[in-house]
>>> print(open('protein-v9.tsv').read())   # TSV, C-alpha atoms
chain	number	residue	atom	x	y	z
A	1	MET	CA	8.55	0.24	-5.61
A	2	GLU	CA	6.60	-1.80	-3.07
A	3	ASN	CA	5.92	-4.35	-5.81
A	4	VAL	CA	9.64	-4.77	-6.47
A	5	THR	CA	10.41	-5.41	-2.81
A	6	GLY	CA	7.37	-7.66	-2.56
A	7	MET	CA	8.40	-9.74	-5.56
A	8	LEU	CA	12.01	-10.02	-4.46
A	9	GLY	CA	10.79	-10.83	-0.94
A	10	LEU	CA	9.18	-13.92	-2.43
A	11	MET	CA	12.71	-15.31	-2.71
A	12	LEU	CA	12.34	-16.13	0.97
A	13	ILE	CA	10.45	-19.17	-0.32
A	14	VAL	CA	13.94	-20.66	-0.36
A	15	PHE	CA	13.41	-21.25	3.39
A	16	ALA	CA	10.40	-23.41	2.63
A	17	VAL	CA	12.36	-25.29	-0.04
A	18	SER	CA	15.18	-25.77	2.47
A	19	VAL	CA	12.84	-27.45	4.94
A	20	PHE	CA	12.22	-30.16	2.35
A	21	ALA	CA	15.83	-30.25	1.15
A	22	LEU	CA	17.03	-30.89	4.68
A	23	HIS	CA	15.05	-34.16	4.77
A	24	PRO	CA	13.86	-33.73	8.34
A	25	ASN	CA	12.26	-36.44	10.39
A	26	TRP	CA	8.72	-35.22	9.79
A	27	GLY	CA	7.22	-37.19	12.66
A	28	ASP	CA	9.70	-35.60	15.00
A	29	LEU	CA	8.95	-32.13	13.65
A	30	VAL	CA	5.19	-32.59	14.01
A	31	HIS	CA	5.71	-33.89	17.54
A	32	GLN	CA	7.66	-30.75	18.43
A	33	VAL	CA	4.82	-28.60	17.11
A	34	THR	CA	2.03	-30.47	18.90
A	35	ALA	CA	3.92	-31.07	22.15
A	36	PRO	CA	6.41	-28.22	22.44
A	37	ALA	CA	9.15	-28.88	24.99
A	38	ILE	CA	10.08	-25.84	27.01
A	39	PRO	CA	13.79	-25.80	27.97
A	40	ASP	CA	14.55	-26.28	31.69
A	41	LYS	CA	15.90	-22.78	32.13
A	42	GLU	CA	12.74	-21.22	30.70
A	43	SER	CA	9.23	-21.16	32.07
A	44	ALA	CA	5.85	-21.43	30.39
A	45	ALA	CA	5.63	-17.65	30.80
A	46	THR	CA	8.63	-17.23	28.48
A	47	TYR	CA	6.91	-19.43	25.93
A	48	TRP	CA	3.75	-17.33	26.03
A	49	TYR	CA	5.74	-14.11	25.99
A	50	PHE	CA	7.32	-15.11	22.70
A	51	ALA	CA	3.97	-16.35	21.43
A	52	ILE	CA	2.58	-12.84	21.96
A	53	ALA	CA	5.68	-11.36	20.33
A	54	LEU	CA	5.07	-13.53	17.25
A	55	PHE	CA	1.38	-12.58	17.27
A	56	GLY	CA	2.29	-8.90	17.45
A	57	ALA	CA	4.80	-9.32	14.62
A	58	ALA	CA	2.17	-10.90	12.39
A	59	MET	CA	-0.48	-8.29	13.12
A	60	THR	CA	1.46	-5.04	13.55
A	61	PRO	CA	-1.02	-2.17	13.86
A	62	TYR	CA	0.77	-0.02	11.29
A	63	GLU	CA	-0.14	-2.49	8.54
A	64	GLY	CA	-3.75	-1.35	8.75
A	65	PHE	CA	-2.68	2.23	8.10
A	66	PHE	CA	-0.28	1.17	5.38
A	67	PHE	CA	-2.75	-0.86	3.38
A	68	SER	CA	-5.71	1.50	3.78
A	69	SER	CA	-3.63	4.55	2.86
A	70	GLY	CA	-2.22	2.71	-0.13
A	71	ALA	CA	-5.78	2.02	-1.23
A	72	VAL	CA	-6.60	5.74	-1.03
A	73	GLU	CA	-3.42	6.67	-2.89
A	74	GLU	CA	-4.24	4.28	-5.69
A	75	HIS	CA	-7.86	5.48	-5.82
A	76	TRP	CA	-9.33	2.10	-4.97
A	77	THR	CA	-13.06	1.65	-5.15
A	78	THR	CA	-15.36	-1.22	-4.25
A	79	LYS	CA	-14.19	-2.81	-7.53
A	80	ASP	CA	-10.83	-3.41	-5.89
A	81	LEU	CA	-12.35	-5.41	-3.04
A	82	GLY	CA	-11.22	-8.56	-4.84
A	83	THR	CA	-7.60	-7.42	-4.79
A	84	ALA	CA	-7.89	-6.48	-1.13
A	85	ARG	CA	-9.32	-9.91	-0.30
A	86	LEU	CA	-6.59	-11.60	-2.32
A	87	ASN	CA	-3.97	-9.68	-0.33
A	88	VAL	CA	-5.47	-10.96	2.89
A	89	ILE	CA	-6.34	-14.49	1.84
A	90	VAL	CA	-3.15	-15.24	-0.12
A	91	GLY	CA	-0.63	-12.72	1.16
A	92	PHE	CA	-0.99	-13.15	4.90
A	93	PRO	CA	-1.01	-16.97	4.96
A	94	LEU	CA	2.00	-16.94	2.62
A	95	GLY	CA	3.86	-14.69	5.05
A	96	GLY	CA	2.83	-16.96	7.90
A	97	LEU	CA	3.97	-20.02	5.98
A	98	LEU	CA	7.38	-18.45	5.37
A	99	SER	CA	7.68	-17.62	9.09
A	100	ILE	CA	6.89	-21.23	9.92
A	101	ALA	CA	9.45	-22.37	7.35
A	102	ILE	CA	12.14	-20.16	8.92
A	103	ALA	CA	11.26	-21.53	12.36
A	104	ALA	CA	11.30	-25.10	11.02
A	105	CYS	CA	14.71	-24.56	9.43
A	106	ALA	CA	16.06	-23.32	12.75
A	107	THR	CA	14.50	-26.27	14.56
A	108	ILE	CA	16.02	-28.82	12.17
A	109	VAL	CA	19.56	-27.43	12.00
A	110	LEU	CA	20.23	-25.04	14.87
A	111	LEU	CA	18.27	-26.55	17.76
A	112	PRO	CA	20.03	-29.96	17.86
A	113	SER	CA	23.40	-28.12	17.98
A	114	GLN	CA	22.12	-25.85	20.77
A	115	ILE	CA	22.80	-22.77	18.63
A	116	ASP	CA	21.06	-19.70	20.02
A	117	VAL	CA	20.16	-17.26	17.24
A	118	THR	CA	21.54	-13.85	18.13
A	119	SER	CA	21.80	-12.25	14.70
A	120	LEU	CA	19.97	-12.27	11.39
A	121	SER	CA	22.90	-13.92	9.61
A	122	GLN	CA	22.49	-17.03	11.75
A	123	THR	CA	18.99	-17.65	10.46
A	124	VAL	CA	20.37	-18.36	6.97
A	125	MET	CA	22.71	-21.12	8.19
A	126	PRO	CA	20.09	-23.85	7.64
A	127	VAL	CA	19.56	-22.56	4.10
A	128	VAL	CA	23.29	-22.88	3.43
A	129	ALA	CA	23.22	-26.39	4.87
A	130	ALA	CA	20.35	-27.26	2.54
A	131	GLY	CA	21.43	-25.71	-0.74
A	132	GLY	CA	24.83	-24.05	-0.46
A	133	LYS	CA	25.73	-20.80	-2.19
A	134	LEU	CA	22.78	-20.74	-4.58
A	135	PHE	CA	20.22	-20.98	-1.77
A	136	LEU	CA	22.19	-18.44	0.24
A	137	ALA	CA	22.05	-15.98	-2.66
A	138	PHE	CA	18.27	-16.34	-2.84
A	139	ALA	CA	17.97	-15.94	0.93
A	140	ILE	CA	20.12	-12.79	0.95
A	141	VAL	CA	18.10	-11.13	-1.83
A	142	GLY	CA	14.88	-12.13	-0.06
A	143	ILE	CA	16.01	-10.82	3.32
A	144	VAL	CA	17.29	-7.53	1.88
A	145	ALA	CA	13.99	-7.05	0.03
A	146	ALA	CA	11.90	-7.99	3.08
A	147	THR	CA	13.76	-5.72	5.50
A	148	PHE	CA	13.89	-2.89	2.96
A	149	GLY	CA	10.18	-3.33	2.25
A	150	ALA	CA	9.40	-3.37	5.96
A	151	ALA	CA	11.43	-0.18	6.40
A	152	LEU	CA	9.43	1.48	3.60
A	153	GLU	CA	6.18	0.27	5.14
A	154	THR	CA	6.90	1.48	8.66
A	155	THR	CA	8.29	4.81	7.47
A	156	LEU	CA	5.28	5.49	5.27
A	157	SER	CA	2.92	4.36	8.02
A	158	GLY	CA	4.47	6.87	10.42
A	159	GLY	CA	3.79	9.62	7.90
A	160	TYR	CA	0.26	8.39	7.15
A	161	ILE	CA	-0.75	8.14	10.80
A	162	LEU	CA	0.42	11.62	11.77
A	163	ALA	CA	-0.72	13.36	8.59
A	164	GLN	CA	-4.19	11.81	8.64
A	165	PHE	CA	-4.72	12.45	12.34
A	166	LEU	CA	-3.72	16.08	11.96
A	167	GLY	CA	-5.37	16.74	8.59
A	168	TRP	CA	-2.16	17.42	6.67
A	169	PRO	CA	-1.87	16.80	2.94
A	170	TRP	CA	-0.25	13.39	2.54
A	171	GLY	CA	0.49	10.66	0.08
A	172	LYS	CA	2.86	9.42	-2.54
A	173	PHE	CA	0.55	10.76	-5.23
A	174	ARG	CA	1.39	14.35	-4.29
A	175	ARG	CA	4.57	16.19	-5.11
A	176	PRO	CA	6.73	16.15	-1.98
A	177	ALA	CA	6.54	19.96	-1.96
A	178	GLU	CA	2.74	19.71	-1.70
A	179	ALA	CA	2.91	17.48	1.36
A	180	ALA	CA	5.94	18.90	3.11
A	181	ARG	CA	5.13	17.89	6.69
A	182	PHE	CA	4.27	14.34	5.63
A	183	HIS	CA	7.63	13.92	3.90
A	184	VAL	CA	9.55	15.59	6.74
A	185	VAL	CA	7.98	13.15	9.20
A	186	MET	CA	9.24	10.27	7.04
A	187	ILE	CA	12.74	11.76	6.81
A	188	VAL	CA	12.82	12.23	10.58
A	189	THR	CA	11.59	8.63	11.07
A	190	ILE	CA	14.40	7.25	8.90
A	191	VAL	CA	17.03	9.40	10.64
A	192	ALA	CA	15.71	8.39	14.08
A	193	GLY	CA	15.69	4.72	13.07
A	194	ALA	CA	19.27	4.93	11.84
A	195	ALA	CA	20.27	6.79	15.01
A	196	VAL	CA	18.88	3.95	17.13
A	197	LEU	CA	20.97	1.49	15.11
A	198	TYR	CA	24.11	3.53	15.73
A	199	THR	CA	23.74	3.20	19.47
A	200	ASP	CA	25.08	-0.14	20.65
A	201	VAL	CA	21.61	-1.49	21.30
A	202	ASP	CA	20.97	-5.04	20.08
A	203	PRO	CA	18.66	-4.80	17.04
A	204	ILE	CA	17.04	-8.13	17.95
A	205	ILE	CA	16.07	-6.79	21.38
A	206	VAL	CA	14.66	-3.63	19.74
A	207	THR	CA	12.63	-5.81	17.36
A	208	GLU	CA	11.38	-7.99	20.21
A	209	TYR	CA	10.24	-5.00	22.24
A	210	SER	CA	8.61	-3.33	19.24
A	211	VAL	CA	6.59	-6.41	18.27
A	212	VAL	CA	5.45	-6.92	21.88
A	213	PHE	CA	4.40	-3.29	22.03
A	214	SER	CA	2.50	-3.70	18.78
A	215	ALA	CA	0.62	-6.57	20.39
A	216	ILE	CA	-0.16	-4.25	23.32
A	217	ALA	CA	-1.41	-1.50	20.99
A	218	LEU	CA	-3.34	-3.83	18.71
A	219	PRO	CA	-6.83	-3.37	20.26
A	220	LEU	CA	-6.45	0.38	19.74
A	221	THR	CA	-6.40	-0.08	15.98
A	222	TYR	CA	-8.53	-3.21	15.75
A	223	LEU	CA	-11.53	-1.88	17.69
A	224	PRO	CA	-11.95	1.39	15.74
A	225	ILE	CA	-11.76	-0.54	12.47
A	226	LEU	CA	-14.39	-2.96	13.77
A	227	ILE	CA	-16.64	-0.04	14.73
A	228	VAL	CA	-16.24	1.61	11.32
A	229	ALA	CA	-16.91	-1.74	9.64
A	230	ASN	CA	-20.28	-1.69	11.41
A	231	ASP	CA	-21.09	1.87	10.35
A	232	SER	CA	-23.25	1.82	7.24
A	233	GLU	CA	-22.44	5.49	6.59
A	234	TYR	CA	-18.90	4.41	5.80
A	235	MET	CA	-19.49	0.90	4.54
A	236	GLY	CA	-22.77	1.09	2.61
A	237	ASP	CA	-23.69	-2.35	1.35
A	238	HIS	CA	-20.51	-3.81	2.77
A	239	THR	CA	-21.33	-3.23	6.42
A	240	ASN	CA	-20.36	-6.18	8.60
A	241	GLY	CA	-22.94	-8.92	8.83
A	242	ARG	CA	-23.68	-11.05	11.87
A	243	ALA	CA	-21.34	-13.88	10.97
A	244	THR	CA	-18.43	-11.51	10.34
A	245	ASN	CA	-19.11	-9.72	13.60
A	246	MET	CA	-19.17	-13.00	15.47
A	247	PHE	CA	-15.73	-13.96	14.17
A	248	ALA	CA	-14.54	-10.41	14.68
A	249	SER	CA	-15.67	-10.48	18.32
A	250	VAL	CA	-13.90	-13.78	18.97
A	251	TYR	CA	-10.81	-12.25	17.47
A	252	LEU	CA	-11.24	-9.12	19.58
A	253	VAL	CA	-11.15	-11.28	22.71
A	254	ILE	CA	-7.93	-12.97	21.56
A	255	ILE	CA	-6.35	-9.60	20.80
A	256	LEU	CA	-7.45	-8.20	24.17
A	257	VAL	CA	-6.05	-11.19	26.05
A	258	ALA	CA	-2.71	-10.90	24.24
A	259	SER	CA	-2.63	-7.17	24.82
A	260	VAL	CA	-3.45	-7.36	28.53
A	261	ALA	CA	-1.11	-10.30	29.15
A	262	ALA	CA	1.86	-8.79	27.32
A	263	ILE	CA	3.14	-6.38	29.98
A	264	PRO	CA	2.80	-8.75	32.99
A	265	LEU	CA	4.56	-11.48	30.96
A	266	MET	CA	7.25	-9.01	29.99
A	267	ILE	CA	7.88	-8.22	33.67
A	268	VAL	CA	7.68	-11.83	34.88
A	269	THR	CA	10.03	-13.17	32.22
A	270	GLY	CA	12.37	-10.17	32.20
A	271	ALA	CA	11.41	-9.64	28.54
A	272	GLY	CA	12.01	-13.28	27.66
A	273	GLN	CA	15.54	-13.45	29.04
B	1	MET	CA	-37.18	-1.80	25.63
B	2	MET	CA	-38.15	1.83	25.64
B	3	GLU	CA	-38.97	3.28	22.27
B	4	LEU	CA	-36.94	6.32	21.46
B	5	PRO	CA	-38.95	9.26	20.13
B	6	VAL	CA	-38.67	9.69	16.40
B	7	ILE	CA	-38.10	13.30	15.47
B	8	HIS	CA	-39.08	14.09	11.93
B	9	HIS	CA	-36.95	16.66	10.24
B	10	ARG	CA	-36.18	17.97	6.82
B	11	GLY	CA	-32.85	17.20	5.23
B	12	GLN	CA	-29.90	15.54	6.86
B	13	LEU	CA	-29.66	15.20	10.63
B	14	VAL	CA	-26.13	15.90	11.73
B	15	ASP	CA	-24.74	15.26	15.16
B	16	ALA	CA	-22.06	17.88	15.69
B	17	ARG	CA	-19.87	15.64	17.77
B	18	LEU	CA	-20.40	12.53	15.67
B	19	HIS	CA	-20.43	13.96	12.17
B	20	LEU	CA	-18.50	17.21	12.33
B	21	LEU	CA	-15.86	17.45	14.99
B	22	ASP	CA	-12.59	15.75	14.07
B	23	ARG	CA	-13.78	15.08	10.53
B	24	GLN	CA	-11.40	15.49	7.65
B	25	LEU	CA	-11.94	18.62	5.55
B	26	LEU	CA	-11.37	18.11	1.84
B	27	ASP	CA	-11.32	20.90	-0.71
B	28	ASP	CA	-13.08	20.59	-4.07
B	29	GLU	CA	-10.08	18.72	-5.48
B	30	ASP	CA	-10.15	16.16	-2.68
B	31	SER	CA	-7.01	17.54	-1.07
B	32	PRO	CA	-6.95	17.66	2.73
B	33	ALA	CA	-7.66	21.19	3.94
B	34	GLY	CA	-7.56	20.40	7.65
B	35	ILE	CA	-9.66	18.88	10.40
B	36	VAL	CA	-12.88	20.30	11.86
B	37	ASP	CA	-11.62	21.38	15.26
B	38	ASP	CA	-14.42	23.59	16.53
B	39	LEU	CA	-17.72	25.15	15.47
B	40	VAL	CA	-19.07	28.67	15.63
B	41	LEU	CA	-22.75	28.92	16.59
B	42	SER	CA	-24.76	32.10	16.31
B	43	GLY	CA	-26.78	33.42	19.20
B	44	VAL	CA	-25.01	31.49	21.92
B	45	GLU	CA	-22.82	33.27	24.41
B	46	LEU	CA	-20.45	31.48	26.68
B	47	ASP	CA	-21.61	31.06	30.30
B	48	LYS	CA	-24.95	32.82	29.66
B	49	ASP	CA	-28.30	31.15	29.98
B	50	ILE	CA	-30.39	31.06	26.87
B	51	PRO	CA	-33.81	32.60	27.51
B	52	GLU	CA	-36.76	30.46	26.58
B	53	GLY	CA	-38.30	31.07	23.19
B	54	THR	CA	-35.00	32.07	21.62
B	55	GLU	CA	-34.54	30.89	18.08
B	56	ALA	CA	-32.36	27.82	17.70
B	57	PRO	CA	-28.70	28.69	17.28
B	58	GLN	CA	-27.27	28.24	13.84
B	59	LEU	CA	-23.95	26.93	12.69
B	60	THR	CA	-22.15	29.83	11.06
B	61	SER	CA	-18.72	28.37	10.44
B	62	LEU	CA	-16.31	25.51	11.01
B	63	LEU	CA	-13.00	26.21	12.67
B	64	SER	CA	-9.74	24.52	11.82
B	65	GLY	CA	-6.24	24.97	13.17
B	66	HIS	CA	-3.56	23.53	15.39
B	67	VAL	CA	-5.28	22.06	18.42
B	68	VAL	CA	-3.29	18.97	19.34
B	69	ALA	CA	-1.16	20.62	22.02
B	70	THR	CA	-4.10	22.27	23.77
B	71	ARG	CA	-6.08	19.05	23.58
B	72	MET	CA	-3.35	17.15	25.36
B	73	PHE	CA	-2.50	19.79	27.91
B	74	GLY	CA	-5.88	21.45	28.32
B	75	GLY	CA	-7.40	24.75	27.30
B	76	GLY	CA	-7.98	25.82	23.74
B	77	PRO	CA	-6.11	27.91	21.21
B	78	PRO	CA	-7.18	31.56	20.95
B	79	ARG	CA	-9.83	32.10	18.30
B	80	SER	CA	-7.33	34.03	16.18
B	81	ARG	CA	-5.27	30.85	15.76
B	82	LEU	CA	-8.18	29.01	14.17
B	83	GLN	CA	-9.30	29.54	10.62
B	84	GLY	CA	-13.02	30.01	10.11
B	85	ILE	CA	-14.66	28.31	7.15
B	86	PRO	CA	-18.12	29.75	6.53
B	87	ARG	CA	-20.95	27.24	6.46
B	88	SER	CA	-21.88	28.30	2.94
B	89	LEU	CA	-18.60	26.80	1.72
B	90	VAL	CA	-19.54	23.35	2.93
B	91	ASP	CA	-20.53	21.20	0.01
B	92	SER	CA	-21.42	17.96	1.78
B	93	ILE	CA	-21.09	16.29	5.13
B	94	HIS	CA	-20.43	12.61	4.85
B	95	VAL	CA	-17.53	10.51	6.10
B	96	VAL	CA	-15.51	13.56	5.15
B	97	VAL	CA	-16.58	17.20	5.03
B	98	LYS	CA	-16.26	18.40	1.44
B	99	LEU	CA	-15.91	22.05	0.57
B	100	LYS	CA	-17.09	23.93	-2.50
B	101	PRO	CA	-14.65	25.46	-4.97
B	102	THR	CA	-13.37	28.68	-3.48
B	103	ASP	CA	-10.61	31.26	-3.78
B	104	MET	CA	-10.10	31.04	-0.05
B	105	VAL	CA	-6.60	29.94	0.85
B	106	PHE	CA	-6.64	27.25	3.47
B	107	ASP	CA	-4.05	28.21	5.93
B	108	ALA	CA	-2.01	25.03	6.03
B	109	GLY	CA	0.04	26.78	8.67
B	110	TRP	CA	3.46	28.29	8.73
B	111	MET	CA	5.02	24.92	9.43
B	112	GLU	CA	3.94	23.39	6.12
B	113	ARG	CA	5.16	26.42	4.16
B	114	TRP	CA	8.38	26.73	6.12
B	115	LEU	CA	9.24	23.03	5.75
B	116	CYS	CA	8.36	23.17	2.07
B	117	ASP	CA	10.48	26.26	1.33
B	118	ARG	CA	13.40	25.44	3.58
B	119	VAL	CA	13.65	21.67	3.42
B	120	ILE	CA	11.62	19.72	0.89
B	121	LYS	CA	12.12	22.02	-2.13
B	122	HIS	CA	15.89	21.71	-1.77
B	123	ILE	CA	15.89	17.94	-1.81
B	124	PRO	CA	16.46	16.49	-5.28
B	125	GLY	CA	13.08	15.36	-6.56
B	126	GLY	CA	11.29	17.45	-3.95
B	127	ARG	CA	9.27	19.25	-6.59
B	128	HIS	CA	8.94	16.35	-9.00
B	129	ALA	CA	5.50	15.11	-9.91
B	130	ALA	CA	4.53	12.02	-7.98
B	131	GLU	CA	4.23	8.54	-9.44
>>> encode(input="protein-v9.tsv", output="structure tokens")
Amino acid sequence: MENVTGMLGLMLIVFAVSVFALHPNWGDLVHQVTAPAIPDKESAATYWYFAIALFGAAMTPYEGFFFSSGAVEEHWTTKDLGTARLNVIVGFPLGGLLSIAIAACATIVLLPSQIDVTSLSQTVMPVVAAGGKLFLAFAIVGIVAATFGAALETTLSGGYILAQFLGWPWGKFRRPAEAARFHVVMIVTIVAGAAVLYTDVDPIIVTEYSVVFSAIALPLTYLPILIVANDSEYMGDHTNGRATNMFASVYLVIILVASVAAIPLMIVTGAGQ
Amino acid sequence: MMELPVIHHRGQLVDARLHLLDRQLLDDEDSPAGIVDDLVLSGVELDKDIPEGTEAPQLTSLLSGHVVATRMFGGGPPRSRLQGIPRSLVDSIHVVVKLKPTDMVFDAGWMERWLCDRVIKHIPGGRHAAE
């Protein structure tokens, strides 16, 4: 199931294709990346607030639970380390690249017309401009797969986190009747998520808040993983070496800064408004 | 730097707080049977001094049960709410605590059974084998 959504999600590559199809002024685009211009009505704080939001969106804490639990469910051993590394080394940069492509599309088409993106459907406008109906069809399939996949991921993660913390039987490899509480948690999560949608709250605002809060919570998942990675009882021959720990510590500082800065920035900028 | 004394011992040195408490309990089929929530030690009585020369207390059983609420709000559940797992049932203590094959039924709690009987079993596919 996750593979289907993952494969269909690859259709989002159409955003990257669109960037080229739109024939942008590359020099201009590069200049905007290297010397970002902050609009007059926004402050540098707003810029950094959204930077943290993007950071939180890329590194949501639940992903750690999702991927590690999936590895347990599929009975991974050290032989699967290669697959795990491939996920990280290919998968994450690919996701990042697609995010950049979506941002670039918006910059090329929407920004010059002063169009403020307020709904998901607006993000596909550049794709339509680049490749018409065919590109739009790809984008729709990709977006449905990506959002559906993300919904699966977050729902499962909710179940994994609670069940593992409390010692309940869990996992997709058990009959639902053998892991009743785990499955009930997932049902409740889906119902609660749908209930939030049915209130008149703006889904984009909900997303913004949730990614900022994931940036705030990030050290709470990153640090324990770093500690376990240094515990030879868990890791055996694969315990973190000095070089890994050095990079990991640098990263820990970045995560801490983002986490500590998130709430003050949220207050100062009125949550980016 | 001060050298820490090296204590020689037979077998595996286990730190109760580090290696036992909060560890996942797995039965012999690797299914979660609970979390180690508390320990029962022999020869220790609450609030009483231990006279010198007494034999070292021994771990008699692990306790498992619902402790989240009392952990958040203080106190502890009454002993009757925790299931005792005799030490002899412990197969190994590693990153998880594995138990030996046993006829003992691990009390997954009324909530698991109730949700299973009243909710999950009635959902189409609820009793289907997993992928």
>>> residues_around(input="protein-v9.tsv", residues="stretch 175-177 of chain A", least_positions_apart="5", cutoff="10 Å", atoms="only C-alpha atoms", output="list of chain:residue names")
A:Pro169, A:Trp170, A:Phe182, A:His183, A:Val184, B:Glu112, B:Arg113, B:Leu115, B:Cys116, B:Asp117, B:Val119, B:Ile120, B:Lys121, B:His122, B:Ile123, B:Gly125, B:Gly126, B:Arg127, B:His128, B:Ala129, B:Ala130, B:Glu131
>>> interface_residues(input="protein-v9.tsv", of="chain A", to="chain B", cutoff="12 Å", atoms="all atoms listed in the file", output="number ranges by chain")
A: 1, 72-75, 162-188, 228, 231-236
>>> residues_around(input="protein-v9.tsv", residues="stretch 222-226 of chain A", least_positions_apart="4", cutoff="10 Å", atoms="only C-alpha atoms", output="list in words")
Met59, Pro61, Gly64, Ala217, Leu218, Asn230, Asp231, Asn240, Asn245, Ala248, Ser249, Tyr251, Leu252, Ile255 and Leu256 of chain A
>>> residues_around(input="protein-v9.tsv", residues="stretch 38-51 of chain B", least_positions_apart="4", cutoff="10 Å", atoms="only C-alpha atoms", output="PyMOL selection string")
chain B and resi 16-17+20-22+55-65+67+76+79+82-87
>>> atom_distance(input="protein-v9.tsv", atom1="atom CA of A:Val14", atom2="atom CA of A:Leu97")
11.8 Å
>>> atom_distance(input="protein-v9.tsv", atom1="atom CA of A:Ala45", atom2="atom CA of A:Ser210")
18.6 Å
>>> atom_distance(input="protein-v9.tsv", atom1="atom CA of A:Met125", atom2="atom CA of A:Ala37")
22.9 Å
>>> closest_residue(input="protein-v9.tsv", among="B:Asp27, B:Glu52, B:Asp103, B:Asp37", to="B:Arg81", atoms="all atoms listed in the file")
B:Asp37
>>> residues_near_point(input="protein-v9.tsv", point="(9.8, -13.6, -3.0)", cutoff="9 Å", atoms="only C-alpha atoms", output="PyMOL selection string")
chain A and resi 5-14+138+141-142+145-146
